[in-house]
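Accompanying notes for the structure given below.
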Amino acid sequence: MSFSDPIADMLTRIRNAVRINNEQVNIRASKTCEGIATVLKEQGYIKDYDRIDDNKQGILRIILKYDEEGRPVINEIIRVSKPGRRIYLSVDKLPRVLSGMGIAIVSTSKGIMSDKSCRQNNAGGEILCTVS
């Protein structure tokens, strides 16, 4: 299996784990993936995450979040910008996911942040994914 797109791999693993109601999911660690996990935690889409050292690249263990009825908090997570087609937008062109009910995760010069944080910091960048 090739890991040419660690972000797509991360999102697919989260999507699959949520579909079968897993408590947690392990992902190969990278700074970008850790940045995405931080935004997901800040915005309340996951409970928490840990970085586990395995004497190689490291592993991110993401603890998924479900509501009282056992439904996943993450309904949909979609990769927007891909290695073959990068999508960069200025701050005024950032999408409003589900009219503000979801988030877009953006890689900016100030780090990885949600679309809301981008508007507050007046920073555009590469749209990595949308979560709702």
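As shown in the structure tokens, the chain order sets the letters A, B, ...; within each chain, residues go from 1, and ligands are also counted from 1 in the order they appear.
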Subject >> DSSP alpha helix (DSSP H) selection over region 72-120 of chain A, as a PyMOL selection string >> reply: chain A and resi 115-120
At a cut-off of 10 Å, using only C-alpha atoms, what residues contact Asp50 (chain A)? Leave out same-chain residues fewer than 2 positions from it and give the result as a tab-separated table (two decimals) with N, CA, C and O atoms, in the first residue's frame.
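Output saved as selection-v3.tsv:
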```tsv
chain	number	residue	atom	x	y	z
A	26	ASN	N	-6.07	4.17	14.53
A	26	ASN	CA	-4.65	4.50	14.48
A	26	ASN	C	-4.28	4.98	13.08
A	26	ASN	O	-4.69	4.40	12.08
A	29	ALA	N	1.56	8.97	11.84
A	29	ALA	CA	1.70	10.36	12.28
A	29	ALA	C	2.45	11.20	11.25
A	29	ALA	O	3.38	10.74	10.61
A	34	GLU	N	-1.44	15.57	12.40
A	34	GLU	CA	-1.58	16.00	13.79
A	34	GLU	C	-2.30	17.35	13.85
A	34	GLU	O	-3.14	17.59	14.73
A	37	ALA	N	-5.95	16.65	13.34
A	37	ALA	CA	-6.50	16.07	14.57
A	37	ALA	C	-6.73	17.15	15.63
A	37	ALA	O	-7.74	17.13	16.33
A	48	ASP	N	-10.38	13.00	21.59
A	48	ASP	CA	-8.97	13.29	21.86
A	48	ASP	C	-8.09	12.54	20.88
A	48	ASP	O	-8.59	11.73	20.08
A	52	ILE	N	1.81	8.28	19.58
A	52	ILE	CA	2.50	7.12	20.14
A	52	ILE	C	3.80	6.93	19.37
A	52	ILE	O	3.80	6.85	18.14
A	53	ASP	N	4.90	6.85	20.11
A	53	ASP	CA	6.21	6.65	19.47
A	53	ASP	C	6.42	5.17	19.20
A	53	ASP	O	6.27	4.34	20.10
A	59	ILE	N	2.67	7.03	15.55
A	59	ILE	CA	1.26	6.72	15.28
A	59	ILE	C	0.40	7.74	16.01
A	59	ILE	O	0.69	8.10	17.15
A	60	LEU	N	-0.63	8.22	15.34
A	60	LEU	CA	-1.65	9.05	15.99
A	60	LEU	C	-2.82	8.15	16.31
A	60	LEU	O	-3.35	7.50	15.42
A	61	ARG	N	-3.20	8.07	17.58
A	61	ARG	CA	-4.38	7.30	17.96
A	61	ARG	C	-5.49	8.30	18.23
A	61	ARG	O	-5.41	9.09	19.16
A	62	ILE	N	-6.52	8.27	17.39
A	62	ILE	CA	-7.63	9.21	17.49
A	62	ILE	C	-8.80	8.52	18.18
A	62	ILE	O	-9.22	7.44	17.76
A	63	ILE	N	-9.30	9.14	19.26
A	63	ILE	CA	-10.46	8.60	19.98
A	63	ILE	C	-11.70	9.31	19.42
A	63	ILE	O	-11.85	10.52	19.54
```
Subject >> Within 12 Å of region 84-97 of chain A using only C-alpha atoms, minus same-chain residues under 6 positions, as an MDAnalysis selection string >> reply: chainID A and resid 4:5 76:78 103:109 114:132
Can you write just those residues out, N, CA, C and O atoms, as a CSV table (one decimal), in the first residue's frame?
```
chain,number,residue,atom,x,y,z
A,4,SER,N,1.2,7.9,-0.5
A,4,SER,CA,1.6,9.1,-1.2
A,4,SER,C,0.7,10.3,-0.7
A,4,SER,O,1.1,11.4,-0.9
A,5,ASP,N,-0.5,10.0,-0.2
A,5,ASP,CA,-1.4,11.0,0.3
A,5,ASP,C,-1.8,10.7,1.8
A,5,ASP,O,-2.8,10.1,2.0
A,76,GLU,N,-19.7,13.3,7.8
A,76,GLU,CA,-19.1,13.3,6.5
A,76,GLU,C,-17.8,14.0,6.6
A,76,GLU,O,-17.6,15.0,7.3
A,77,ILE,N,-16.7,13.4,6.0
A,77,ILE,CA,-15.4,14.0,6.0
A,77,ILE,C,-14.8,13.8,4.6
A,77,ILE,O,-14.7,12.7,4.1
A,78,ILE,N,-14.6,14.9,3.9
A,78,ILE,CA,-14.3,14.9,2.5
A,78,ILE,C,-12.9,15.6,2.2
A,78,ILE,O,-12.7,16.7,2.6
A,103,ILE,N,-17.3,22.4,9.2
A,103,ILE,CA,-16.0,23.2,9.1
A,103,ILE,C,-15.2,22.8,7.9
A,103,ILE,O,-15.3,21.6,7.4
A,104,ALA,N,-14.4,23.7,7.4
A,104,ALA,CA,-13.4,23.4,6.4
A,104,ALA,C,-12.1,23.5,7.2
A,104,ALA,O,-11.9,24.4,8.0
A,105,ILE,N,-11.2,22.5,7.0
A,105,ILE,CA,-9.8,22.6,7.6
A,105,ILE,C,-8.9,23.1,6.6
A,105,ILE,O,-8.8,22.5,5.5
A,106,VAL,N,-8.1,24.1,6.9
A,106,VAL,CA,-7.3,24.9,6.0
A,106,VAL,C,-5.9,24.9,6.4
A,106,VAL,O,-5.6,25.1,7.6
A,107,SER,N,-4.9,24.6,5.5
A,107,SER,CA,-3.5,24.8,5.8
A,107,SER,C,-3.1,26.2,5.4
A,107,SER,O,-3.1,26.5,4.2
A,108,THR,N,-2.7,27.0,6.4
A,108,THR,CA,-2.3,28.3,6.1
A,108,THR,C,-0.8,28.5,6.5
A,108,THR,O,-0.2,27.6,7.1
A,109,SER,N,-0.3,29.7,6.2
A,109,SER,CA,1.1,30.1,6.6
A,109,SER,C,1.2,30.1,8.2
A,109,SER,O,2.3,30.1,8.7
A,114,SER,N,-9.3,25.9,11.4
A,114,SER,CA,-10.6,25.8,10.8
A,114,SER,C,-10.9,27.1,10.0
A,114,SER,O,-10.2,28.1,10.2
A,115,ASP,N,-11.9,27.0,9.2
A,115,ASP,CA,-12.3,28.2,8.4
A,115,ASP,C,-12.7,29.4,9.2
A,115,ASP,O,-12.4,30.5,8.9
A,116,LYS,N,-13.3,29.1,10.4
A,116,LYS,CA,-13.6,30.2,11.3
A,116,LYS,C,-12.4,30.9,11.8
A,116,LYS,O,-12.3,32.1,11.8
A,117,SER,N,-11.4,30.1,12.2
A,117,SER,CA,-10.1,30.7,12.7
A,117,SER,C,-9.4,31.5,11.6
A,117,SER,O,-8.8,32.5,11.8
A,118,CYS,N,-9.5,31.0,10.3
A,118,CYS,CA,-8.9,31.7,9.2
A,118,CYS,C,-9.6,33.0,9.0
A,118,CYS,O,-8.9,34.0,8.8
A,119,ARG,N,-10.9,33.1,9.2
A,119,ARG,CA,-11.6,34.4,9.0
A,119,ARG,C,-11.1,35.4,10.1
A,119,ARG,O,-10.9,36.5,9.9
A,120,GLN,N,-11.0,34.8,11.4
A,120,GLN,CA,-10.5,35.7,12.5
A,120,GLN,C,-9.1,36.2,12.3
A,120,GLN,O,-8.8,37.3,12.7
A,121,ASN,N,-8.2,35.3,11.7
A,121,ASN,CA,-6.8,35.7,11.5
A,121,ASN,C,-6.5,36.2,10.2
A,121,ASN,O,-5.4,36.5,9.8
A,122,ASN,N,-7.6,36.4,9.3
A,122,ASN,CA,-7.5,36.9,8.0
A,122,ASN,C,-6.4,36.1,7.2
A,122,ASN,O,-5.5,36.7,6.6
A,123,ALA,N,-6.5,34.8,7.2
A,123,ALA,CA,-5.6,34.0,6.5
A,123,ALA,C,-6.3,33.0,5.5
A,123,ALA,O,-7.2,32.3,6.0
A,124,GLY,N,-5.9,33.0,4.3
A,124,GLY,CA,-6.4,32.0,3.3
A,124,GLY,C,-5.4,30.9,3.3
A,124,GLY,O,-4.4,30.9,4.0
A,125,GLY,N,-5.6,29.9,2.4
A,125,GLY,CA,-4.6,28.8,2.3
A,125,GLY,C,-5.2,27.7,1.5
A,125,GLY,O,-6.2,27.8,0.7
A,126,GLU,N,-4.6,26.5,1.7
A,126,GLU,CA,-5.1,25.3,1.0
A,126,GLU,C,-6.2,24.6,1.8
A,126,GLU,O,-6.0,24.3,2.9
A,127,ILE,N,-7.3,24.4,1.1
A,127,ILE,CA,-8.4,23.7,1.8
A,127,ILE,C,-8.1,22.2,1.8
A,127,ILE,O,-8.2,21.5,0.8
A,128,LEU,N,-7.8,21.6,3.0
A,128,LEU,CA,-7.5,20.2,3.1
A,128,LEU,C,-8.7,19.3,3.0
A,128,LEU,O,-8.7,18.4,2.2
A,129,CYS,N,-9.7,19.6,3.8
A,129,CYS,CA,-10.9,18.8,3.8
A,129,CYS,C,-12.1,19.6,4.5
A,129,CYS,O,-11.9,20.6,5.1
A,130,THR,N,-13.3,19.0,4.3
A,130,THR,CA,-14.4,19.6,5.0
A,130,THR,C,-15.0,18.5,5.9
A,130,THR,O,-14.9,17.3,5.6
A,131,VAL,N,-15.6,18.9,7.0
A,131,VAL,CA,-16.1,18.0,8.0
A,131,VAL,C,-17.5,18.5,8.4
A,131,VAL,O,-17.7,19.6,8.6
A,132,SER,N,-18.5,17.5,8.4
A,132,SER,CA,-19.8,17.9,8.9
A,132,SER,C,-20.4,16.7,9.6
A,132,SER,O,-19.9,15.6,9.6
```
Original post:
Looking at A:Ile7, A:Gly44, A:Arg28, A:Val80, which one is nearest to Gly102 (chain A), with distances taken over only C-alpha atoms?
Top reply: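 With only C-alpha atoms as the atom set, the closest residue is A:Gly44.
CA of Asn22 (chain A) is found 12.5 Å from CA of Ile74 (chain A).
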Subject >> Length of the CA of Cys33 (chain A) to CA of Glu69 (chain A) vector [Å] >> reply: 28.6 Å
**OP:** Give the strand (DSSP E or B) residues of chain A, as DSSP finds them on the backbone, and put them as an MDAnalysis selection string.
**Re:** chainID A and resid 24:28 46:52 59:64 66 72 77:79 82 85 88:89 103:108 111:114 125:131
Go ahead and write the residues just picked, N, CA and C atoms, as a short mmCIF file (atom, residue, chain, number, x, y, z; two decimals), in the first residue's frame.
```
data_model
loop_
_atom_site.label_atom_id
_atom_site.label_comp_id
_atom_site.auth_asym_id
_atom_site.auth_seq_id
_atom_site.Cartn_x
_atom_site.Cartn_y
_atom_site.Cartn_z
N GLN A 24 -11.73 3.97 18.57
CA GLN A 24 -10.52 4.70 18.19
C GLN A 24 -9.97 4.17 16.87
N VAL A 25 -9.03 4.95 16.30
CA VAL A 25 -8.42 4.56 15.03
C VAL A 25 -6.96 5.01 15.06
N ASN A 26 -6.07 4.17 14.53
CA ASN A 26 -4.65 4.50 14.48
C ASN A 26 -4.28 4.98 13.08
N ILE A 27 -3.48 6.03 13.03
CA ILE A 27 -3.08 6.65 11.77
C ILE A 27 -1.59 6.93 11.83
N ARG A 28 -0.91 6.81 10.70
CA ARG A 28 0.51 7.17 10.66
C ARG A 28 0.66 8.65 10.94
N ILE A 46 -13.88 15.06 17.56
CA ILE A 46 -13.29 13.86 18.18
C ILE A 46 -13.08 14.14 19.66
N LYS A 47 -13.00 13.06 20.47
CA LYS A 47 -12.77 13.24 21.91
C LYS A 47 -11.35 13.72 22.16
N ASP A 48 -10.38 13.00 21.59
CA ASP A 48 -8.97 13.29 21.86
C ASP A 48 -8.09 12.54 20.88
N TYR A 49 -6.80 12.80 20.96
CA TYR A 49 -5.84 12.01 20.19
C TYR A 49 -4.52 11.95 20.95
N ASP A 50 -3.76 10.89 20.73
CA ASP A 50 -2.44 10.72 21.35
C ASP A 50 -1.43 10.43 20.26
N ARG A 51 -0.20 10.88 20.48
CA ARG A 51 0.88 10.52 19.57
C ARG A 51 1.69 9.42 20.26
N ILE A 52 1.81 8.28 19.58
CA ILE A 52 2.50 7.12 20.14
C ILE A 52 3.80 6.93 19.37
N ILE A 59 2.67 7.03 15.55
CA ILE A 59 1.26 6.72 15.28
C ILE A 59 0.40 7.74 16.01
N LEU A 60 -0.63 8.22 15.34
CA LEU A 60 -1.65 9.05 15.99
C LEU A 60 -2.82 8.15 16.31
N ARG A 61 -3.20 8.07 17.58
CA ARG A 61 -4.38 7.30 17.96
C ARG A 61 -5.49 8.30 18.23
N ILE A 62 -6.52 8.27 17.39
CA ILE A 62 -7.63 9.21 17.49
C ILE A 62 -8.80 8.52 18.18
N ILE A 63 -9.30 9.14 19.26
CA ILE A 63 -10.46 8.60 19.98
C ILE A 63 -11.70 9.31 19.42
N LEU A 64 -12.56 8.52 18.78
CA LEU A 64 -13.73 9.07 18.09
C LEU A 64 -14.84 9.43 19.07
N TYR A 66 -19.05 9.99 19.85
CA TYR A 66 -20.42 9.63 19.49
C TYR A 66 -21.38 10.35 20.43
N PRO A 72 -22.40 8.75 15.34
CA PRO A 72 -21.11 9.44 15.24
C PRO A 72 -21.30 10.95 15.08
N ILE A 77 -16.72 13.40 6.00
CA ILE A 77 -15.40 14.02 6.00
C ILE A 77 -14.85 13.83 4.59
N ILE A 78 -14.61 14.92 3.90
CA ILE A 78 -14.27 14.87 2.47
C ILE A 78 -12.95 15.58 2.19
N ARG A 79 -12.08 14.92 1.45
CA ARG A 79 -10.82 15.51 1.00
C ARG A 79 -11.13 16.49 -0.12
N LYS A 82 -6.30 17.82 -3.41
CA LYS A 82 -5.60 16.53 -3.58
C LYS A 82 -4.21 16.79 -4.14
N ARG A 85 -4.39 17.97 -7.61
CA ARG A 85 -5.16 19.19 -7.83
C ARG A 85 -5.30 19.96 -6.52
N TYR A 88 -6.35 26.31 -3.47
CA TYR A 88 -6.02 27.40 -2.56
C TYR A 88 -7.08 28.48 -2.69
N LEU A 89 -7.53 29.02 -1.56
CA LEU A 89 -8.53 30.08 -1.58
C LEU A 89 -8.13 31.20 -0.63
N ILE A 103 -17.25 22.36 9.19
CA ILE A 103 -16.03 23.16 9.10
C ILE A 103 -15.21 22.75 7.89
N ALA A 104 -14.40 23.70 7.44
CA ALA A 104 -13.38 23.39 6.44
C ALA A 104 -12.05 23.48 7.20
N ILE A 105 -11.16 22.53 6.96
CA ILE A 105 -9.84 22.56 7.60
C ILE A 105 -8.85 23.08 6.56
N VAL A 106 -8.15 24.15 6.91
CA VAL A 106 -7.31 24.87 5.96
C VAL A 106 -5.86 24.89 6.44
N SER A 107 -4.94 24.64 5.52
CA SER A 107 -3.51 24.75 5.82
C SER A 107 -3.07 26.16 5.42
N THR A 108 -2.69 26.96 6.40
CA THR A 108 -2.28 28.34 6.14
C THR A 108 -0.82 28.53 6.51
N GLY A 111 -0.29 27.93 10.17
CA GLY A 111 -0.60 26.60 10.68
C GLY A 111 -1.94 26.10 10.16
N ILE A 112 -2.32 24.90 10.58
CA ILE A 112 -3.58 24.30 10.16
C ILE A 112 -4.68 24.77 11.09
N MET A 113 -5.77 25.30 10.51
CA MET A 113 -6.86 25.83 11.33
C MET A 113 -8.20 25.66 10.63
N SER A 114 -9.27 25.89 11.39
CA SER A 114 -10.62 25.81 10.83
C SER A 114 -10.91 27.06 10.01
N GLY A 125 -5.61 29.89 2.39
CA GLY A 125 -4.65 28.81 2.25
C GLY A 125 -5.23 27.65 1.47
N GLU A 126 -4.61 26.47 1.67
CA GLU A 126 -5.05 25.27 0.97
C GLU A 126 -6.15 24.59 1.76
N ILE A 127 -7.30 24.35 1.12
CA ILE A 127 -8.41 23.68 1.78
C ILE A 127 -8.12 22.18 1.80
N LEU A 128 -7.80 21.62 2.97
CA LEU A 128 -7.45 20.20 3.05
C LEU A 128 -8.70 19.33 3.00
N CYS A 129 -9.71 19.65 3.82
CA CYS A 129 -10.91 18.82 3.84
C CYS A 129 -12.06 19.59 4.47
N THR A 130 -13.26 19.02 4.31
CA THR A 130 -14.44 19.57 4.99
C THR A 130 -15.01 18.48 5.89
N VAL A 131 -15.56 18.90 7.03
CA VAL A 131 -16.12 17.97 8.01
C VAL A 131 -17.52 18.45 8.38
#
```
**OP:** Rank A:Asn75, A:Asn21, A:Thr32, A:Gln57 by their smallest atom-to-atom distance to Tyr45 (chain A), using only C-alpha atoms, and report the top residue only.
**Re:**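 When distances to Tyr45 (chain A) are compared using only C-alpha atoms, the smallest one comes from A:Asn75.
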